[in-house]
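Okay, structure first, notes after.
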Amino acid sequence: MKRQIVLGLALSALAAPAMGATAPSAVSFAEGAVAGSLTGTAGNPEEGMKVISDRGLGNCVACHVISAMPDVAFQGNVGPTLDGAADRWSEQQLRGIVADAKKTFDGTIMPSFYKNEGYIRPGDAFTGKAAEGELAPLLTAQQIEDVVAYLLTLKE
Amino acid sequence: MKMRILAGTCALAAFALSGLSAVADPADDTLVVNGEIQMITHTDKAPDYIDGLSEQYSGWHFREADTRVMQADDFDNPGMLGVEAATEVWNAVDGSEGKACASCHEAPESMAGVRTQMPSFNEAKGEMYTMEMYINECRAERMGAEAWDWDSSDMVNMTALISSVSRGMPMNVAVDGPAQSYWEKGKEMYYTRYGQLELACSNCHEDNYGNFIRADHLSQGQINGFPVYRLKDAKLSSIHNRFKGCIRDTRGETFKPGSPELIALELYVASRGNGLSVEGPSVRN
């Protein structure tokens with residue numbers, strides 16, 4: 001565990017992308033889970049709520065039901081409900097699933113929100129045109145932390 | 001008028017029955033157009049060569065009752081305006097040879113059955129041809145007229161006319177012989193996870209049909225209803241235009257309408273619907 005933290009720090013220092021956050025390629029997954037914060041700044045559950053419900057951000061409710069957000073219309077059902085997520089998963093597991101769910105659920109339909117390479121024909125957002133230059137992950141490191149902070153409030 | 005009222009009543013009754021369970025499954029309903037064309041919108045058995053599907057459902061089953069009933073009567077189906085417009089073009093002389101479509105093909109009804117086999121391998125040209133390509137071949141080589149753009153209204157309307165005279169007949173594209181390599185390529189694309197969201201056609205339309213992504217009720221992505229009158233666009237849409245939109249929605253780089261990739265994908269997706277009736281022009285949201 002200690003080595004992982006040290007490695008994480010070393011890599012994030014090397015890559016040093018945005019404001020000291022761990023770069024997507026430097027995130028270390030252990031059986032799908034990510035041990036430490038991606039930013040070192042505690043997640044803000046209220047910001048996480050926005051990311052989860054906003055179509056232009058995470059739009060998690062496109063596929064998941066969250067009963068604690070009754071005002072958010074048209075919650076989808078492609079994925080499991082997130083009610084009680086904090087009872088089923090640890091913070092580290094939730095961070096891993098939000099960052100790259102494919103590391104936990106092999107072949108899942110769920111997009112990888114903290115990843116920026118390895119795509120087939122990546123586009124420039126939703127324009128249909130080819131992406132140019134380095135891609136940004138779908139969410140920032142802090143947004144991942146904010147979403148995890150909100151998910152940790154979902155207890156039954 | 002009486003017929004139309006009956007159709008409306010049936011659909012409303014079906015809606016009432018489905019009632020609260022309207023959250024997921026395909027609607028339990030049957031489609032009869034103009035009180036006479038019986039549509040096969042559901043089968044218990046997909047073709048053997050389609051591994052991932054047991055049943056087949058037309059996209060019609062995944063739309064709301066008011067959308068479904070619109071397709072049951074040509075007076076209510078806004079896609080039929082495109083058919084009407086194309087009927088005039090069918091009869092109009094165009095190009096250097098002084099011919100109309102009707103000069104060789106007589107009435108549009110002579111095209112009955114054509115749509116069921118599209119796309120098909122064009123022996124003379126040595127490649128897979130969609131309906132759009134056959135239309136342009138006629139225009140350029142026999143009429144001496146200008147080819148139409150893939151997504152021009154003239155082209156989409158003409159495909160609607162030619163589809164409309166096959167309505168009710170089961171889709172039956174060939175997947176073997178010279179078609180096989182195209183089919184394999186299309187199948188590979190169907191399972192390729194494109195774009196930054198890494199979504200393959202199969203993720204939504206095979207694994208999750210019947211479920212919702214936000215307000216979108218996911219269908220099987222069948223193309224037997226094309227061209228489709230999309231209420232949100234208020235116009236007819238070609239198969240390739242829809243494919244392009246789907247790939248764009250994966251945050252991916254799309255393929256161009258008429259590209260070899262989309263032609264192969266069209267063949268494969270059409271084969272997933274072999275056995276479902278031609279519905280074009282259908283109505284969707």
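Residue numbering restarts at 1 in every chain; chains get A, B, ... in the order shown in the structure tokens, and ligands count up from 1 in that same order.
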Filtered DSSP result for region 40-271 of chain B, state alpha helix (DSSP H), as a ChimeraX atom specification: /B:65-70,80-91,101-105,131-137,153-164,180-190,201-205,239-248,260-271
Exercise answer, chain A residues close to chain B, 10 Å and only C-alpha atoms, as a PyMOL selection string: chain A and resi 55+59-65+73-79+107-113+115-131+135-138
Tyr268 (chain B) environment, 6 Å, only C-alpha atoms, sequence neighbours closer than 2 positions dropped, as a list in words: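 The residues that qualify are Trp183, Gly186, Lys187, Leu265, Glu266, Ala270 and Ser271 of chain B.
The residue set within 12 Å of Gly144 (chain B), counting only C-alpha atoms and dropping same-chain residues fewer than 4 places from it, reads Val93, Asp94, Gly95, Ser96, Glu97, Gly98, Lys99, Ala100, Cys101, Asn136, Glu137, Cys138, Arg139 and Ala140 of chain B.
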Straight-line distance linking CA of Glu206 (chain B) with CA of Gly225 (chain B), stated in Å to one decimal: 17.7 Å
Selection: 10 Å around Ser90 (chain A), only C-alpha atoms, excl. self and same-chain fewer than 4 positions, as a PyMOL selection string: chain A and resi 33+35+85-86+94-96+148+152
DSSP-assigned strand (DSSP E or B) members of region 10-148 of chain B, reported as a list in words: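 Across region 10-148 of chain B, those assigned strand (DSSP E or B) are Val32, Val33, Ile37, Gln38, His42, Thr43, Gln56, Tyr57, Asp94, Lys99, Ser120, Phe121, Asn122, Glu127, Met128 and Tyr129 of chain B.
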Among listed residues B:Glu64, B:Glu36, B:Asp48, B:Asp74, nearest Gly275 (chain B) (using only C-alpha atoms):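 Answer, going by the shortest atom-to-atom distance: B:Asp48.
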Point-to-point distance from CA of Glu261 (chain B) to CA of Gly52 (chain B), Å rounded to tenths: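 Atom-to-atom, CA of Glu261 (chain B) and CA of Gly52 (chain B) are spaced 21.1 Å apart.
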Selection near Thr43 (chain B), 12 Å with only C-alpha atoms, sequence-local residues under 5 positions removed, as a list in words: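 Here the answer would be Thr30, Leu53, Ser54, Glu55, Gln56, Tyr57, Ser58, Pro170, Arg272, Gly273, Asn274, Gly275, Leu276 and Ser277 of chain B.
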May I have the selected residues written with N, CA and C atoms, as a PDB file, in the first residue's frame?
ATOM      1  N   THR B  30     -50.099  -4.721 -32.369  1.00  0.00           N
ATOM      2  CA  THR B  30     -49.885  -5.167 -33.751  1.00  0.00           C
ATOM      3  C   THR B  30     -50.141  -4.014 -34.703  1.00  0.00           C
ATOM      4  N   LEU B  53     -29.403 -12.365 -30.935  1.00  0.00           N
ATOM      5  CA  LEU B  53     -30.832 -12.070 -30.835  1.00  0.00           C
ATOM      6  C   LEU B  53     -31.636 -13.360 -30.831  1.00  0.00           C
ATOM      7  N   SER B  54     -32.621 -13.428 -29.944  1.00  0.00           N
ATOM      8  CA  SER B  54     -33.546 -14.547 -30.050  1.00  0.00           C
ATOM      9  C   SER B  54     -34.791 -14.044 -30.769  1.00  0.00           C
ATOM     10  N   GLU B  55     -35.490 -13.083 -30.150  1.00  0.00           N
ATOM     11  CA  GLU B  55     -36.648 -12.493 -30.815  1.00  0.00           C
ATOM     12  C   GLU B  55     -36.219 -11.290 -31.650  1.00  0.00           C
ATOM     13  N   GLN B  56     -37.054 -10.922 -32.605  1.00  0.00           N
ATOM     14  CA  GLN B  56     -36.846  -9.671 -33.349  1.00  0.00           C
ATOM     15  C   GLN B  56     -38.017  -8.733 -33.079  1.00  0.00           C
ATOM     16  N   TYR B  57     -37.697  -7.479 -32.858  1.00  0.00           N
ATOM     17  CA  TYR B  57     -38.728  -6.457 -32.702  1.00  0.00           C
ATOM     18  C   TYR B  57     -38.435  -5.282 -33.620  1.00  0.00           C
ATOM     19  N   SER B  58     -39.421  -4.872 -34.360  1.00  0.00           N
ATOM     20  CA  SER B  58     -39.319  -3.603 -35.082  1.00  0.00           C
ATOM     21  C   SER B  58     -39.230  -2.464 -34.065  1.00  0.00           C
ATOM     22  N   PRO B 170     -41.555  -9.412 -46.057  1.00  0.00           N
ATOM     23  CA  PRO B 170     -40.439  -9.591 -45.115  1.00  0.00           C
ATOM     24  C   PRO B 170     -39.081  -9.251 -45.729  1.00  0.00           C
ATOM     25  N   ARG B 272     -30.040  -8.602 -39.661  1.00  0.00           N
ATOM     26  CA  ARG B 272     -30.579  -8.841 -38.317  1.00  0.00           C
ATOM     27  C   ARG B 272     -32.097  -8.714 -38.310  1.00  0.00           C
ATOM     28  N   GLY B 273     -32.617  -8.021 -39.345  1.00  0.00           N
ATOM     29  CA  GLY B 273     -34.068  -7.838 -39.440  1.00  0.00           C
ATOM     30  C   GLY B 273     -34.707  -8.723 -40.495  1.00  0.00           C
ATOM     31  N   ASN B 274     -33.947  -9.634 -41.099  1.00  0.00           N
ATOM     32  CA  ASN B 274     -34.560 -10.540 -42.082  1.00  0.00           C
ATOM     33  C   ASN B 274     -35.738 -11.258 -41.442  1.00  0.00           C
ATOM     34  N   GLY B 275     -36.898 -11.119 -42.062  1.00  0.00           N
ATOM     35  CA  GLY B 275     -38.104 -11.725 -41.490  1.00  0.00           C
ATOM     36  C   GLY B 275     -39.091 -10.688 -40.999  1.00  0.00           C
ATOM     37  N   LEU B 276     -38.600  -9.498 -40.643  1.00  0.00           N
ATOM     38  CA  LEU B 276     -39.509  -8.398 -40.277  1.00  0.00           C
ATOM     39  C   LEU B 276     -40.002  -7.719 -41.556  1.00  0.00           C
ATOM     40  N   SER B 277     -41.214  -7.180 -41.504  1.00  0.00           N
ATOM     41  CA  SER B 277     -41.762  -6.511 -42.688  1.00  0.00           C
ATOM     42  C   SER B 277     -41.041  -5.217 -43.015  1.00  0.00           C
TER      43      SER B 277
END
Polymer residues at most 8 Å from Glu156 (chain A), only C-alpha atoms, same-chain spacing of 4 or more positions, as number ranges by chain: A: 83-84, 87
Atomic distance CA of Glu132 (chain A) - CA of Ala21 (chain A), expressed in Å with one decimal: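 Calculated distance between CA of Glu132 (chain A) and CA of Ala21 (chain A) is 22.7 Å.
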